[in-house]
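Chemist: Hey, dropping final_0.cif in here, mmCIF, C-alpha atoms:
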data_target
loop_
_atom_site.label_atom_id
_atom_site.label_comp_id
_atom_site.auth_asym_id
_atom_site.auth_seq_id
_atom_site.Cartn_x
_atom_site.Cartn_y
_atom_site.Cartn_z
CA MET A 1104 -21.92 -3.24 -2.39
CA LEU A 1105 -23.97 -6.15 -3.79
CA SER A 1106 -22.43 -9.61 -3.91
CA LYS A 1107 -22.34 -11.33 -7.33
CA ARG A 1108 -25.12 -13.67 -6.27
CA ARG A 1109 -27.29 -10.71 -5.26
CA TRP A 1110 -26.49 -8.99 -8.56
CA LEU A 1111 -27.64 -12.05 -10.53
CA ALA A 1112 -30.83 -12.38 -8.52
CA ALA A 1113 -31.67 -8.72 -9.00
CA GLY A 1114 -30.95 -8.96 -12.71
CA ALA A 1115 -33.25 -11.93 -13.16
CA ALA A 1116 -36.11 -10.15 -11.43
CA LEU A 1117 -35.67 -7.07 -13.59
CA ALA A 1118 -35.60 -9.15 -16.75
CA VAL A 1119 -38.93 -10.74 -15.95
CA ALA A 1120 -40.47 -7.40 -15.09
CA GLY A 1121 -39.06 -5.27 -17.86
CA GLY A 1122 -38.52 -7.37 -20.97
CA GLY A 1123 -35.68 -7.42 -23.48
CA LEU A 1124 -34.08 -4.01 -22.87
CA VAL A 1125 -33.81 -4.62 -19.16
CA ALA A 1126 -32.45 -8.10 -19.84
CA ALA A 1127 -29.74 -6.62 -22.03
CA GLN A 1128 -28.85 -4.10 -19.34
CA THR A 1129 -28.76 -6.89 -16.77
CA ALA A 1130 -26.45 -8.95 -18.93
CA THR A 1131 -24.03 -6.02 -19.02
CA ALA A 1132 -24.25 -5.68 -15.25
CA ASP A 1133 -23.61 -9.40 -14.82
CA GLN A 1134 -20.38 -9.08 -16.78
CA ASN A 1135 -19.27 -6.19 -14.53
CA PRO A 1136 -20.92 -6.93 -11.19
CA ARG A 1137 -18.88 -4.54 -9.06
CA THR A 1138 -16.63 -1.50 -9.30
CA CYS A 1139 -13.34 -2.23 -7.56
CA PRO A 1140 -11.36 0.55 -5.85
CA THR A 1141 -8.54 1.50 -8.19
CA LEU A 1142 -5.27 3.39 -7.92
CA LYS A 1143 -5.57 6.84 -9.52
CA VAL A 1144 -1.97 8.09 -9.49
CA SER A 1145 0.20 6.58 -12.20
CA LYS A 1146 3.18 8.97 -12.27
CA GLY A 1147 6.21 7.82 -10.30
CA TRP A 1148 5.53 4.09 -10.25
CA TYR A 1149 8.32 2.02 -11.77
CA GLY A 1150 7.61 -0.58 -14.43
CA LYS A 1151 4.70 -2.84 -13.50
CA ASN A 1152 4.64 -1.96 -9.80
CA ARG A 1153 1.33 -0.12 -9.94
CA ALA A 1154 -0.31 -2.98 -11.85
CA ALA A 1155 1.08 -5.51 -9.36
CA LEU A 1156 -0.28 -3.52 -6.42
CA GLN A 1157 -3.68 -3.21 -8.09
CA LYS A 1158 -3.75 -6.97 -8.71
CA MET A 1159 -2.97 -7.63 -5.06
CA ILE A 1160 -5.70 -5.22 -3.95
CA ASP A 1161 -8.23 -6.89 -6.25
CA GLU A 1162 -7.26 -10.37 -5.08
CA ARG A 1163 -7.06 -9.71 -1.36
CA GLY A 1164 -9.53 -6.86 -0.84
CA SER A 1165 -13.31 -6.60 -0.80
CA CYS A 1166 -13.52 -7.00 -4.55
CA ALA A 1167 -12.59 -10.66 -4.11
CA GLY A 1168 -15.84 -11.21 -2.24
CA PRO A 1169 -16.87 -11.57 1.40
CA GLY A 1170 -15.23 -13.91 3.85
CA GLY A 1171 -12.59 -13.94 6.58
CA ALA A 1172 -10.93 -11.19 8.53
CA ARG A 1173 -10.06 -7.87 6.94
CA PRO A 1174 -6.68 -7.95 5.21
CA VAL A 1175 -3.95 -5.82 6.78
CA ALA A 1176 -1.48 -3.41 5.18
CA THR A 1177 1.46 -2.01 7.15
CA PHE A 1178 3.58 1.01 6.22
CA ASP A 1179 6.74 2.47 7.65
CA TRP A 1180 6.40 6.27 7.84
CA ASP A 1181 9.61 8.28 7.34
CA ASN A 1182 10.80 8.20 3.72
CA THR A 1183 8.10 5.63 2.94
CA VAL A 1184 4.83 7.56 3.20
CA VAL A 1185 6.53 10.94 3.36
CA LYS A 1186 9.77 12.33 1.99
CA ASN A 1187 12.23 13.03 4.84
CA ASP A 1188 11.96 12.34 8.55
CA VAL A 1189 9.29 13.67 10.92
CA SER A 1190 11.40 12.98 14.05
CA ASP A 1191 14.25 15.04 12.63
CA ALA A 1192 11.83 17.80 11.71
CA THR A 1193 10.30 17.86 15.20
CA LEU A 1194 13.69 17.85 16.91
CA ALA A 1195 14.90 20.69 14.68
CA TRP A 1196 11.75 22.72 15.44
CA ALA A 1197 12.10 22.05 19.18
CA LEU A 1198 15.76 23.12 19.20
CA ARG A 1199 14.95 26.33 17.34
CA HIS A 1200 12.11 27.11 19.77
CA ASP A 1201 13.75 26.20 23.12
CA LYS A 1202 11.48 23.24 23.81
CA LEU A 1203 13.96 20.68 25.15
CA LEU A 1204 14.14 20.52 28.93
CA GLN A 1205 17.35 20.37 30.95
CA PRO A 1206 17.71 16.81 32.27
CA LYS A 1207 18.76 16.05 35.82
CA SER A 1208 21.79 14.39 34.24
CA TRP A 1209 22.64 13.74 30.61
CA GLN A 1210 24.01 10.37 31.68
CA ALA A 1211 20.55 9.41 32.90
CA THR A 1212 18.84 10.14 29.58
CA ASN A 1213 20.08 6.96 27.88
CA LYS A 1214 21.53 3.75 29.32
CA TRP A 1215 24.16 3.50 26.56
CA LEU A 1216 25.34 7.14 26.66
CA THR A 1217 29.09 7.28 27.33
CA ALA A 1218 30.81 9.29 30.02
CA ASP A 1219 32.48 11.28 27.22
CA ALA A 1220 29.09 12.22 25.78
CA HIS A 1221 27.77 13.11 29.23
CA ARG A 1222 30.71 15.44 29.83
CA ALA A 1223 30.46 16.99 26.35
CA LEU A 1224 26.73 17.67 26.68
CA THR A 1225 27.09 19.02 30.22
CA LYS A 1226 29.89 21.35 29.13
CA ALA A 1227 28.08 22.54 25.99
CA CYS A 1228 24.64 23.04 27.56
CA GLY A 1229 25.80 24.17 30.97
CA THR A 1230 24.31 23.67 34.40
CA THR A 1231 22.82 27.11 35.08
CA VAL A 1232 19.39 26.13 33.71
CA PRO A 1233 17.55 24.14 36.42
CA ALA A 1234 16.47 20.59 35.65
CA GLY A 1235 13.08 20.53 33.97
CA ARG A 1236 13.39 24.05 32.52
CA PRO A 1237 13.85 24.82 28.80
CA LEU A 1238 17.36 24.93 27.39
CA PRO A 1239 18.05 28.09 25.31
CA THR A 1240 19.00 26.07 22.24
CA SER A 1241 17.72 28.68 19.79
CA LYS A 1242 20.68 30.89 20.75
CA ASP A 1243 23.09 28.44 22.40
CA THR A 1244 24.76 27.05 19.29
CA ALA A 1245 27.25 24.95 21.24
CA CYS A 1246 24.49 23.08 23.07
CA THR A 1247 22.45 22.56 19.91
CA ASP A 1248 25.46 21.34 17.95
CA GLU A 1249 26.48 18.86 20.66
CA ILE A 1250 22.97 17.39 20.80
CA LEU A 1251 22.89 16.99 17.02
CA ASP A 1252 26.40 15.51 16.88
CA VAL A 1253 25.45 12.86 19.42
CA TYR A 1254 22.14 12.09 17.69
CA GLN A 1255 23.24 12.19 14.06
CA ASP A 1256 26.77 10.81 14.28
CA ALA A 1257 26.74 8.86 17.56
CA GLU A 1258 29.84 10.88 18.41
CA THR A 1259 30.66 13.97 20.41
CA SER A 1260 31.83 17.14 18.67
CA THR A 1261 35.40 16.02 19.36
CA GLY A 1262 34.86 12.64 17.72
CA LYS A 1263 34.52 10.49 20.84
CA LYS A 1264 32.04 7.61 20.90
CA ALA A 1265 28.66 8.71 22.26
CA PHE A 1266 27.10 5.30 22.90
CA THR A 1267 28.65 2.08 24.13
CA GLY A 1268 27.68 -1.26 25.64
CA GLU A 1269 25.64 -4.18 24.39
CA TRP A 1270 22.29 -4.18 22.64
CA ASN A 1271 20.47 -6.38 20.17
CA HIS A 1272 21.19 -4.70 16.86
CA ARG A 1273 18.04 -6.15 15.31
CA ARG A 1274 15.80 -4.75 18.03
CA THR A 1275 17.11 -1.30 18.88
CA VAL A 1276 19.66 1.43 18.18
CA PRO A 1277 20.64 3.89 20.94
CA GLU A 1278 20.31 7.06 18.83
CA TYR A 1279 16.71 6.18 17.92
CA VAL A 1280 15.89 5.78 21.60
CA TRP A 1281 17.70 8.96 22.58
CA ILE A 1282 15.73 11.26 20.31
CA THR A 1283 12.53 10.18 22.07
CA GLN A 1284 14.18 10.50 25.48
CA LEU A 1285 15.11 14.12 24.73
CA PHE A 1286 11.39 14.96 25.02
CA ALA A 1287 11.08 13.55 28.54
CA GLY A 1288 9.15 15.90 30.83
CA HIS A 1289 6.58 16.87 28.21
CA SER A 1290 3.13 15.35 27.92
CA PRO A 1291 2.40 13.20 24.86
CA ALA A 1292 -0.12 15.83 23.73
CA THR A 1293 2.51 18.56 23.97
CA LEU A 1294 4.93 16.56 21.83
CA THR A 1295 2.16 16.02 19.28
CA SER A 1296 1.54 19.77 19.24
CA TYR A 1297 5.24 20.42 18.55
CA ALA A 1298 5.10 17.90 15.71
CA ARG A 1299 2.04 19.64 14.25
CA GLN A 1300 3.88 22.95 14.20
CA ALA A 1301 6.91 21.35 12.59
CA ARG A 1302 4.55 19.71 10.10
CA ALA A 1303 3.01 23.02 9.04
CA GLU A 1304 6.44 24.59 8.62
CA ASN A 1305 7.89 21.68 6.63
CA LEU A 1306 4.89 21.25 4.34
CA LYS A 1307 4.99 24.96 3.49
CA ALA A 1308 8.71 25.00 2.66
CA PRO A 1309 9.63 24.38 -1.01
CA ILE A 1310 11.03 21.00 -2.00
CA GLY A 1311 14.79 21.02 -1.53
CA THR A 1312 14.76 23.49 1.37
CA GLU A 1313 17.49 23.13 3.97
CA GLN A 1314 17.40 24.67 7.43
CA THR A 1315 20.22 25.64 9.75
CA VAL A 1316 19.96 24.30 13.30
CA GLY A 1317 22.89 25.39 15.40
CA THR A 1318 25.53 25.24 12.68
CA HIS A 1319 24.13 22.00 11.23
CA LYS A 1320 22.33 21.79 7.91
CA MET A 1321 19.19 19.66 8.00
CA ALA A 1322 16.36 18.95 5.59
CA GLY A 1323 13.82 21.76 5.89
CA TYR A 1324 10.86 20.31 4.04
CA ILE A 1325 8.62 17.24 4.11
CA ARG A 1326 6.06 16.06 1.57
CA TYR A 1327 3.45 13.36 1.61
CA TYR A 1328 4.02 11.10 -1.37
CA ASP A 1329 0.96 11.39 -3.61
CA GLN A 1330 1.48 7.80 -4.70
CA GLN A 1331 1.38 6.50 -1.14
CA LYS A 1332 -1.63 8.62 -0.20
CA ASP A 1333 -3.41 7.15 -3.21
CA LEU A 1334 -2.32 3.62 -2.31
CA ILE A 1335 -3.52 3.97 1.29
CA ARG A 1336 -6.81 5.47 0.12
CA THR A 1337 -7.36 2.60 -2.31
CA LEU A 1338 -6.45 -0.04 0.25
CA ARG A 1339 -8.90 1.39 2.76
CA ALA A 1340 -11.64 1.61 0.14
CA ALA A 1341 -10.99 -2.05 -0.64
CA GLY A 1342 -11.49 -3.05 2.98
CA PHE A 1343 -7.89 -3.25 4.17
CA ASP A 1344 -7.01 -2.34 7.74
CA VAL A 1345 -4.05 0.02 7.25
CA TYR A 1346 -1.45 0.71 9.96
CA ILE A 1347 1.63 2.87 10.30
CA VAL A 1348 4.54 1.12 12.05
CA SER A 1349 7.28 3.68 12.64
CA ALA A 1350 10.59 3.96 14.48
CA SER A 1351 9.66 7.56 15.32
CA ALA A 1352 8.00 8.44 18.62
CA GLU A 1353 4.31 7.62 18.43
CA PRO A 1354 3.08 11.10 19.55
CA ILE A 1355 5.04 12.62 16.64
CA VAL A 1356 3.58 10.31 13.99
CA ARG A 1357 0.08 10.97 15.33
CA ALA A 1358 0.44 14.57 14.14
CA TRP A 1359 1.03 13.37 10.57
CA ALA A 1360 -1.17 10.28 10.15
CA PRO A 1361 -4.47 12.16 9.57
CA GLY A 1362 -2.92 13.44 6.33
CA VAL A 1363 -3.41 9.97 4.87
CA GLY A 1364 -6.74 9.33 6.61
CA LEU A 1365 -5.45 7.27 9.56
CA ASP A 1366 -6.38 7.82 13.21
CA ARG A 1367 -4.28 7.34 16.33
CA ASP A 1368 -5.47 3.74 16.75
CA HIS A 1369 -3.69 2.87 13.51
CA VAL A 1370 -0.31 4.32 14.50
CA ILE A 1371 2.35 2.16 16.16
CA GLY A 1372 5.58 3.92 17.08
CA ILE A 1373 8.10 4.13 19.91
CA ARG A 1374 6.06 4.34 23.09
CA ASN A 1375 7.84 6.05 25.95
CA LEU A 1376 6.46 5.34 29.39
CA VAL A 1377 4.31 8.08 30.91
CA ASP A 1378 4.46 9.04 34.59
CA HIS A 1379 1.96 11.54 36.01
CA GLY A 1380 1.07 12.60 32.49
CA ARG A 1381 4.68 13.22 31.41
CA LEU A 1382 6.89 11.28 29.03
CA THR A 1383 9.86 9.54 30.66
CA THR A 1384 13.04 7.97 29.32
CA GLY A 1385 11.52 4.51 29.78
CA VAL A 1386 10.15 2.63 26.78
CA GLN A 1387 7.37 0.04 26.53
CA GLY A 1388 8.52 -3.49 25.86
CA CYS A 1389 7.12 -6.04 23.41
CA GLY A 1390 6.49 -9.76 23.47
CA ASP A 1391 8.32 -11.34 26.38
CA VAL A 1392 10.47 -8.22 26.94
CA THR A 1393 9.19 -6.05 29.77
CA ASP A 1394 9.24 -2.26 29.83
CA THR A 1395 12.83 -1.11 29.57
CA HIS A 1396 14.95 1.88 28.66
CA GLY A 1397 14.87 1.10 24.97
CA GLU A 1398 16.08 -2.48 24.51
CA VAL A 1399 13.13 -3.07 22.19
CA LEU A 1400 11.85 -0.53 19.67
CA THR A 1401 9.70 -0.57 16.57
CA TYR A 1402 12.93 -1.32 14.75
CA MET A 1403 13.88 -4.28 12.51
CA ASP A 1404 12.68 -7.44 14.31
CA GLY A 1405 10.92 -5.19 16.81
CA LYS A 1406 8.49 -4.05 14.13
CA ARG A 1407 7.42 -7.66 13.61
CA CYS A 1408 6.91 -8.05 17.35
CA TRP A 1409 4.77 -4.93 17.61
CA ILE A 1410 2.67 -5.89 14.56
CA ASN A 1411 2.06 -9.37 15.93
CA GLN A 1412 1.23 -8.04 19.38
CA GLU A 1413 -0.85 -4.96 18.58
CA ILE A 1414 -2.61 -6.02 15.37
CA TYR A 1415 -2.93 -9.78 15.73
CA GLY A 1416 -2.95 -10.16 19.51
CA VAL A 1417 0.04 -12.51 19.67
CA LYS A 1418 1.53 -12.44 23.16
CA GLY A 1419 4.80 -13.39 24.79
CA ALA A 1420 7.86 -14.81 23.06
CA LYS A 1421 5.75 -15.97 20.11
CA ALA A 1422 5.34 -12.33 19.03
CA TRP A 1423 8.95 -12.35 17.80
CA GLN A 1424 8.26 -15.23 15.41
CA GLN A 1425 6.89 -15.09 11.88
CA GLN A 1426 3.23 -16.07 12.06
CA ASP A 1427 1.11 -18.19 9.73
CA ARG A 1428 -0.22 -16.53 6.58
CA ALA A 1429 -3.58 -15.70 8.17
CA HIS A 1430 -1.80 -13.58 10.78
CA ARG A 1431 0.54 -11.58 8.57
CA PRO A 1432 -0.04 -8.41 6.52
CA ALA A 1433 -0.97 -8.76 2.88
CA LEU A 1434 1.09 -5.68 1.99
CA ALA A 1435 4.03 -4.11 3.78
CA ALA A 1436 6.05 -1.09 2.67
CA GLY A 1437 9.35 0.40 3.82
CA ASP A 1438 12.60 2.06 2.79
CA ALA A 1439 15.39 0.99 5.14
CA GLU A 1440 17.00 -1.78 7.21
CA THR A 1441 14.64 -0.96 10.07
CA ASP A 1442 11.80 -2.28 7.88
CA VAL A 1443 13.37 -5.42 6.46
CA THR A 1444 11.73 -7.96 8.79
CA PHE A 1445 8.11 -6.81 8.69
CA VAL A 1446 8.19 -6.04 4.96
CA GLY A 1447 9.55 -9.54 4.37
CA ASP A 1448 6.63 -11.00 6.35
CA ALA A 1449 3.99 -9.70 3.91
CA THR A 1450 2.16 -12.40 1.98
CA GLY A 1451 0.89 -10.41 -1.01
CA ALA A 1452 3.45 -7.72 -1.86
CA HIS A 1453 6.66 -6.26 -0.38
CA LEU A 1454 6.95 -2.62 -1.46
CA VAL A 1455 10.49 -1.17 -1.21
CA LEU A 1456 11.51 2.43 -1.80
CA ASN A 1457 15.16 2.32 -2.82
CA ARG A 1458 17.43 4.23 -0.44
CA ASN A 1459 20.42 1.95 -1.07
CA LYS A 1460 20.11 0.12 2.27
CA THR A 1461 22.10 -3.08 1.92
CA GLU A 1462 20.13 -5.92 3.54
CA PHE A 1463 16.83 -4.49 2.38
CA MET A 1464 17.99 -4.18 -1.22
CA CYS A 1465 19.63 -7.63 -1.14
CA ARG A 1466 16.30 -9.22 -0.24
CA ALA A 1467 14.35 -7.02 -2.61
CA TYR A 1468 16.52 -7.71 -5.66
CA ASP A 1469 16.83 -11.42 -4.79
CA ASN A 1470 13.01 -11.46 -4.93
CA SER A 1471 12.80 -15.01 -3.65
CA ASP A 1472 8.99 -15.21 -3.67
CA ARG A 1473 8.52 -13.02 -6.77
CA ARG A 1474 6.48 -10.50 -4.78
CA TRP A 1475 9.11 -7.82 -4.08
CA LEU A 1476 8.40 -4.48 -5.77
CA VAL A 1477 11.29 -2.00 -5.87
CA ASN A 1478 10.56 1.64 -6.64
CA PRO A 1479 12.79 4.74 -6.69
CA MET A 1480 11.83 7.37 -4.14
CA PHE A 1481 9.06 9.50 -5.60
CA ILE A 1482 10.83 12.78 -4.76
CA GLU A 1483 14.57 13.33 -5.18
CA PRO A 1484 15.34 9.63 -5.76
CA ASN A 1485 18.78 8.22 -5.07
CA GLU A 1486 21.15 7.65 -7.95
CA ARG A 1487 22.28 4.16 -8.87
CA GLN A 1488 24.73 2.60 -6.43
CA ALA A 1489 27.80 1.74 -8.48
CA ASP A 1490 29.11 -1.19 -6.45
CA PRO A 1491 27.05 -4.34 -5.97
CA TYR A 1492 25.39 -4.81 -2.58
CA PRO A 1493 27.65 -7.22 -0.60
CA CYS A 1494 24.82 -9.66 0.13
CA ALA A 1495 26.95 -12.81 0.16
CA THR A 1496 29.47 -11.53 2.70
CA THR A 1497 28.51 -8.58 4.91
CA GLY A 1498 24.92 -7.69 4.01
CA TYR A 1499 23.29 -9.02 7.19
CA THR A 1500 23.57 -7.45 10.65
CA ARG A 1501 23.57 -10.07 13.39
CA PRO A 1502 22.04 -9.34 16.82
CA ASP A 1503 25.53 -8.71 18.24
CA GLY A 1504 26.29 -6.15 15.53
CA THR A 1505 28.71 -8.27 13.52
CA LEU A 1506 28.11 -8.69 9.80
CA GLY A 1507 27.50 -11.83 7.77
CA PRO A 1508 25.83 -13.08 4.59
CA VAL A 1509 22.15 -12.50 3.85
CA ARG A 1510 20.35 -15.84 3.84
CA ARG A 1511 17.02 -16.95 2.44
CA ALA A 1512 14.47 -18.83 4.54
CA ASP A 1513 15.98 -22.14 3.39
CA GLY A 1514 19.45 -21.10 4.56
CA SER A 1515 20.92 -20.50 1.12
CA ILE A 1516 23.03 -17.37 0.67
CA VAL A 1517 21.78 -14.45 -1.40
CA PRO A 1518 24.39 -13.57 -4.04
CA ASP A 1519 25.63 -10.00 -4.39
CA GLN A 1520 23.06 -7.81 -6.15
CA GLN A 1521 23.53 -4.96 -8.60
CA ASP A 1522 21.45 -1.84 -8.08
CA ARG A 1523 18.98 -1.85 -10.96
CA ILE A 1524 16.01 0.34 -10.04
CA HIS A 1525 16.96 3.88 -9.10
CA GLY A 1526 16.46 7.53 -9.92
#
Take the structure in the file and write it out as structure tokens.
Modeler:
Amino acid sequence: MLSKRRWLAAGAALAVAGGGLVAAQTATADQNPRTCPTLKVSKGWYGKNRAALQKMIDERGSCAGPGGARPVATFDWDNTVVKNDVSDATLAWALRHDKLLQPKSWQATNKWLTADAHRALTKACGTTVPAGRPLPTSKDTACTDEILDVYQDAETSTGKKAFTGEWNHRRTVPEYVWITQLFAGHSPATLTSYARQARAENLKAPIGTEQTVGTHKMAGYIRYYDQQKDLIRTLRAAGFDVYIVSASAEPIVRAWAPGVGLDRDHVIGIRNLVDHGRLTTGVQGCGDVTDTHGEVLTYMDGKRCWINQEIYGVKGAKAWQQQDRAHRPALAAGDAETDVTFVGDATGAHLVLNRNKTEFMCRAYDNSDRRWLVNPMFIEPNERQADPYPCATTGYTRPDGTLGPVRRADGSIVPDQQDRIHG
């Protein structure tokens, strides 16, 4: 694409060579020196959101002219780029096709798993299947149900707590770790292949489909959002470096990312440690946190750490800190509390899909820098939340799990916010 200076030089040469008609054509070209990548999909965008995104793309992308590093855009995946959850879909597929392997001990799968959960899982899934062999979860409803109860509700089927202990609630959540640990023993490529098969099944199913797994009802379809595919396409055409930053296991997201034109090098997810080619229950650390059993995930503040480390090369404890404007994404998009930190770091636009998540919506509706864009989900959007979000009292989750007020960067408290942009 020609720079404006090169356009003017070319126009002047043509005018001398070709006379008045060419000069007139050149004058028109001078007024419109370049064609900027533009968003094509208009349906589904709320209010002026599409126009605001286009303005940001024009101002920060290649249309603004050469100079500096490529701008970065970061997207959460589940319920942000696609409707529904690819980890849930892959787990459901694996349970229906006997792909989970019997662990040596359920207690050893997760450092926070309670003795009650260990006993419940051992009783439901039995001990006759040798460690490392597939559990017959397609037919063993009790085993499947116990696994889903622990994952979905953090409780056993009898209502006992499934996870206990201490963890930083802004860096990890035990259930998110556990779903990745359930695939221990498989190679990363095998897990990606399972996710591809779940992908094909869920894309084929009609919108609104539910599936039965054990006796549980789970979403049975997934769709790429046309609006987000269009946004990612436009960003890439405008010279942005676009990344997915997901709290799903990275091998699972790799099966889906090509659908929006992104390769494996632009996917950041939960990275389980690999031993002799097989996934383990260990998880890679970030910043100054070494490899652990899940103390740090691509979750809340952890997403900031991974973006700083993997995209901007920030090492050590500094990776947990908000960086200067030159080392932060121009655009960030998400839908839930797990995204609140990295979406808030964006310097050009914070795109929020409204799923009624308290801290996220408090910050979005407060709109302290006037760059927060709230949009209903593009498929089956949530209805308006009747009660205000309790921003001023219990909207913020502290690292120890207690709740407090949501505060702005200057320390002032965000007042309660009414839900205004919904389906």
Chemist: I'd like to know which of A:Val1509, A:Leu1365, A:Leu1204, A:Leu1456 is closest to A:Asn1485, using all atoms listed in the file.
Modeler: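 Looking at the shortest contact to A:Asn1485, the residue is A:Leu1456.
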Chemist: Using all atoms listed in the file, which of the listed residues (A:Lys1263, A:Arg1431, A:Arg1474, A:Lys1146) sits closest to A:Asp1344?
Modeler: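 Using all atoms listed in the file, A:Asp1344 sits closest to A:Arg1431.
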Chemist: If we draw a sphere of 10 Å around (28.4, 22.8, 26.6), which residues have at least one atom in it when counting all atoms listed in the file? Please report them as an mmCIF file with C-alpha atoms, keeping the file's coordinate frame.
Modeler:
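Here's the written file out32.cif:
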data_model
loop_
_atom_site.group_PDB
_atom_site.id
_atom_site.type_symbol
_atom_site.label_atom_id
_atom_site.label_comp_id
_atom_site.auth_asym_id
_atom_site.auth_seq_id
_atom_site.Cartn_x
_atom_site.Cartn_y
_atom_site.Cartn_z
ATOM 1 C CA ARG A 1222 30.710 15.440 29.830
ATOM 2 C CA ALA A 1223 30.460 16.990 26.350
ATOM 3 C CA LEU A 1224 26.730 17.670 26.680
ATOM 4 C CA THR A 1225 27.090 19.020 30.220
ATOM 5 C CA LYS A 1226 29.890 21.350 29.130
ATOM 6 C CA ALA A 1227 28.080 22.540 25.990
ATOM 7 C CA CYS A 1228 24.640 23.040 27.560
ATOM 8 C CA GLY A 1229 25.800 24.170 30.970
ATOM 9 C CA THR A 1230 24.310 23.670 34.400
ATOM 10 C CA ASP A 1243 23.090 28.440 22.400
ATOM 11 C CA THR A 1244 24.760 27.050 19.290
ATOM 12 C CA ALA A 1245 27.250 24.950 21.240
ATOM 13 C CA CYS A 1246 24.490 23.080 23.070
ATOM 14 C CA THR A 1247 22.450 22.560 19.910
ATOM 15 C CA ASP A 1248 25.460 21.340 17.950
ATOM 16 C CA GLU A 1249 26.480 18.860 20.660
ATOM 17 C CA ILE A 1250 22.970 17.390 20.800
#
Chemist: Apply the PyMOL selection byres ((chain A and resi 1143) around 10) to the displayed file and report the matching residues as a list of chain:residue names.
Modeler: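 Answer for the PyMOL selection byres ((chain A and resi 1143) around 10): A:Pro1140, A:Thr1141, A:Leu1142, A:Val1144, A:Ser1145, A:Lys1146, A:Arg1153, A:Asp1329, A:Gln1330, A:Asp1333, A:Leu1334, A:Arg1336, A:Thr1337.
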Chemist: Would you mind exporting C-alpha atoms of the selected residues as a PDB file, keeping the file's coordinate frame?
Modeler:
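Final file, part-v5.pdb:
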ATOM      1  CA  PRO A1140     -11.360   0.550  -5.850  1.00  0.00           C
ATOM      2  CA  THR A1141      -8.540   1.500  -8.190  1.00  0.00           C
ATOM      3  CA  LEU A1142      -5.270   3.390  -7.920  1.00  0.00           C
ATOM      4  CA  VAL A1144      -1.970   8.090  -9.490  1.00  0.00           C
ATOM      5  CA  SER A1145       0.200   6.580 -12.200  1.00  0.00           C
ATOM      6  CA  LYS A1146       3.180   8.970 -12.270  1.00  0.00           C
ATOM      7  CA  ARG A1153       1.330  -0.120  -9.940  1.00  0.00           C
ATOM      8  CA  ASP A1329       0.960  11.390  -3.610  1.00  0.00           C
ATOM      9  CA  GLN A1330       1.480   7.800  -4.700  1.00  0.00           C
ATOM     10  CA  ASP A1333      -3.410   7.150  -3.210  1.00  0.00           C
ATOM     11  CA  LEU A1334      -2.320   3.620  -2.310  1.00  0.00           C
ATOM     12  CA  ARG A1336      -6.810   5.470   0.120  1.00  0.00           C
ATOM     13  CA  THR A1337      -7.360   2.600  -2.310  1.00  0.00           C
TER      14      THR A1337
END
Chemist: Quick one: everything within 7 Å of A:Leu1203, counting only C-alpha atoms, minus sequence neighbours fewer than 3 positions away in the same chain. Send it as an mmCIF file with C-alpha atoms, keeping the file's coordinate frame.
Modeler:
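This is the output file out.cif:
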data_model
loop_
_atom_site.group_PDB
_atom_site.id
_atom_site.type_symbol
_atom_site.label_atom_id
_atom_site.label_comp_id
_atom_site.auth_asym_id
_atom_site.auth_seq_id
_atom_site.Cartn_x
_atom_site.Cartn_y
_atom_site.Cartn_z
ATOM 1 C CA ALA A 1197 12.100 22.050 19.180
ATOM 2 C CA LEU A 1198 15.760 23.120 19.200
ATOM 3 C CA PRO A 1237 13.850 24.820 28.800
ATOM 4 C CA LEU A 1238 17.360 24.930 27.390
ATOM 5 C CA LEU A 1285 15.110 14.120 24.730
ATOM 6 C CA PHE A 1286 11.390 14.960 25.020
#
Chemist: Could you pull stretch 1192-1199 of chain A out of the structure I just pasted and write it to a file containing N, CA and C atoms, as a PDB file, in the first residue's frame?
Modeler:
ATOM      1  N   ALA A1192     -17.377 -28.538  25.722  1.00  0.00           N
ATOM      2  CA  ALA A1192     -17.724 -29.362  24.568  1.00  0.00           C
ATOM      3  C   ALA A1192     -16.756 -30.541  24.422  1.00  0.00           C
ATOM      4  N   THR A1193     -15.469 -30.285  24.640  1.00  0.00           N
ATOM      5  CA  THR A1193     -14.468 -31.344  24.508  1.00  0.00           C
ATOM      6  C   THR A1193     -14.600 -32.363  25.629  1.00  0.00           C
ATOM      7  N   LEU A1194     -14.853 -31.896  26.852  1.00  0.00           N
ATOM      8  CA  LEU A1194     -15.059 -32.811  27.965  1.00  0.00           C
ATOM      9  C   LEU A1194     -16.290 -33.683  27.727  1.00  0.00           C
ATOM     10  N   ALA A1195     -17.378 -33.062  27.274  1.00  0.00           N
ATOM     11  CA  ALA A1195     -18.595 -33.832  27.001  1.00  0.00           C
ATOM     12  C   ALA A1195     -18.335 -34.901  25.939  1.00  0.00           C
ATOM     13  N   TRP A1196     -17.639 -34.521  24.871  1.00  0.00           N
ATOM     14  CA  TRP A1196     -17.326 -35.482  23.802  1.00  0.00           C
ATOM     15  C   TRP A1196     -16.462 -36.618  24.356  1.00  0.00           C
ATOM     16  N   ALA A1197     -15.456 -36.258  25.159  1.00  0.00           N
ATOM     17  CA  ALA A1197     -14.553 -37.275  25.704  1.00  0.00           C
ATOM     18  C   ALA A1197     -15.296 -38.238  26.629  1.00  0.00           C
ATOM     19  N   LEU A1198     -16.212 -37.727  27.434  1.00  0.00           N
ATOM     20  CA  LEU A1198     -16.984 -38.594  28.328  1.00  0.00           C
ATOM     21  C   LEU A1198     -17.901 -39.527  27.541  1.00  0.00           C
ATOM     22  N   ARG A1199     -18.452 -39.029  26.465  1.00  0.00           N
ATOM     23  CA  ARG A1199     -19.357 -39.871  25.660  1.00  0.00           C
ATOM     24  C   ARG A1199     -18.610 -40.866  24.792  1.00  0.00           C
TER      25      ARG A1199
END
